[in-house]
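Q: I have a structure here, written as structure tokens, and I will follow up with some questions on it.
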Amino acid sequence: MRISQQVSSHDERIVLLHFEGDLNASDCEATSKIFQEIIDSKKYFIVALMENVTFVSSPFRGELMGCKLRLVEKGGNMVIVGLNYDLRERLIQMGADKIFQFYPDTHTAYNHYHWEYTQTAQVVSITLPPKLQSVPAVRRFIAGIAKQKGYTARDSFRIETIVDEIANNAIEHGDSSQPEISVELRIDRKKFELLVRNKTLMDKANQLKYVLEANKETAQTGDTRGRGLALVKLISNSINVSIDKSGTEVKITKMREDS
Amino acid sequence: MDTQIELQISDLDNVPHGKLIKFMGDLDATNVESTLDQVTKLIKEGFVQIVADFRNLRYVNSTGLGILLHFSKTAKEKSGCFKIANVNDNVYEIIEIIGANTLLDIYDNVEEAIASLQSRR
């Protein structure tokens, strides 16, 4: 085995560990020592680069698990990058995928790091024509992003509902001459935020505020608009509406279910 | 493009004035009108004992819920009923949150919904 380390040029909190050759039981002690030195230097995020690894023994796998545990106890993590297909499949068969995340390249590993540990939000902006027919594709697209980002199926469905109801409202009750509706999604590991901006006539905007402030929360109401907004209120964590001459902005925040 | 929804309508054996409607797809603002037209036509023709099978209904929004409540009310006004079966967990949650579970007749499966119609006779 050969092992070398360098601090990532992408983020100095990350250490890249290059492994090469066969990883045998006899390599455990040296590896453990290197991990301890890295932890002592107060760096707790390690990307293990294994594209040139040819074999991983069971004792070495156990050693890596122990090293990962030491990092996790410090609030950090270790992920594995570039392991060849056969070795990865063998490790997965032994249940190692329950312990380690495997990534094809460092770029993907860095994305994972930012998503999990730096609370970096990802932003998607969409403009859509003010037609109800444009909403289904947008709501499914946004729900798909949430699912892909690890939100539960229930959360994704609720997010789809929020997008649908708010976008439909913006179209149905907006200024009929508005050229487009703007939808902005900000999503991070802990929360989902949706911003919908549109042009609304002032009297309709005031009606919207009234519906939001009124405590309409049941199906008994005959007002379709009230029912949709009541639903959004109940499945989100906060809803704010701001109205000015340029239009109406509705901001919805929903916390991730399992965070 | 409208969201796809398909209604498959068939007779209900041993239930006079009965129809089974299978909902397939998403029920939302783009297709409530066509759904409303099809089911209202059935009710006007006298088919007021209706079982709606939601096994393949993936999504419903507040507008869709609104017409389900309308079907239930209209069928009851004509001494019939509109029963729903096989609702998926996500759709059921939306129905429950909005409070419509107390207004709609919901069954675990189609067989139970049909049996309840037969026991009414």
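Following the order of the structure tokens, first chain is A, next is B, and so on, with residues numbered from 1 inside each chain and ligands from 1 in the order they appear.
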Set the distance at 8 Å and use only C-alpha atoms: which residues neighbour Phe23 (chain B) once local chain neighbours fewer than 3 positions away are removed? I'd like the list as a list of chain:residue names.

A: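 Everything that qualifies: B:Ile5, B:Glu6, B:Leu7, B:Gln8, B:Ala52, B:Asp53, B:Phe54, B:Arg55, B:Asn56, B:Leu57.
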
Q: Using only C-alpha atoms, I'd like every residue of chain B that has an atom within 12 Å of chain A; please write them out as a PyMOL selection string.

A: chain B and resi 1-4+25-32+58-70+73+88-104

Q: Have a look at A:Tyr151, A:Phe141, A:Phe45, A:Tyr103 and name the one nearest to Thr118 (chain A); count only C-alpha atoms.

A: A:Phe45

Q: Give me the residues within 9 Å of Ala85 (chain B) as a list in words, counting only C-alpha atoms and dropping any in the same chain fewer than 5 places off.

A: Val51, Ala52, Asp53, Phe54, Arg55, Asp105, Ile106, Tyr107, Asp108, Asn109, Val110, Glu111, Glu112 and Ala113 of chain B

Q: Just list as an NGL selection string whatever in region 5-250 of chain A DSSP marks as alpha helix (DSSP H).

A: :A and (28-40 or 58-73 or 85-93 or 106-117 or 135-148 or 153-172 or 202-213 or 224-235)
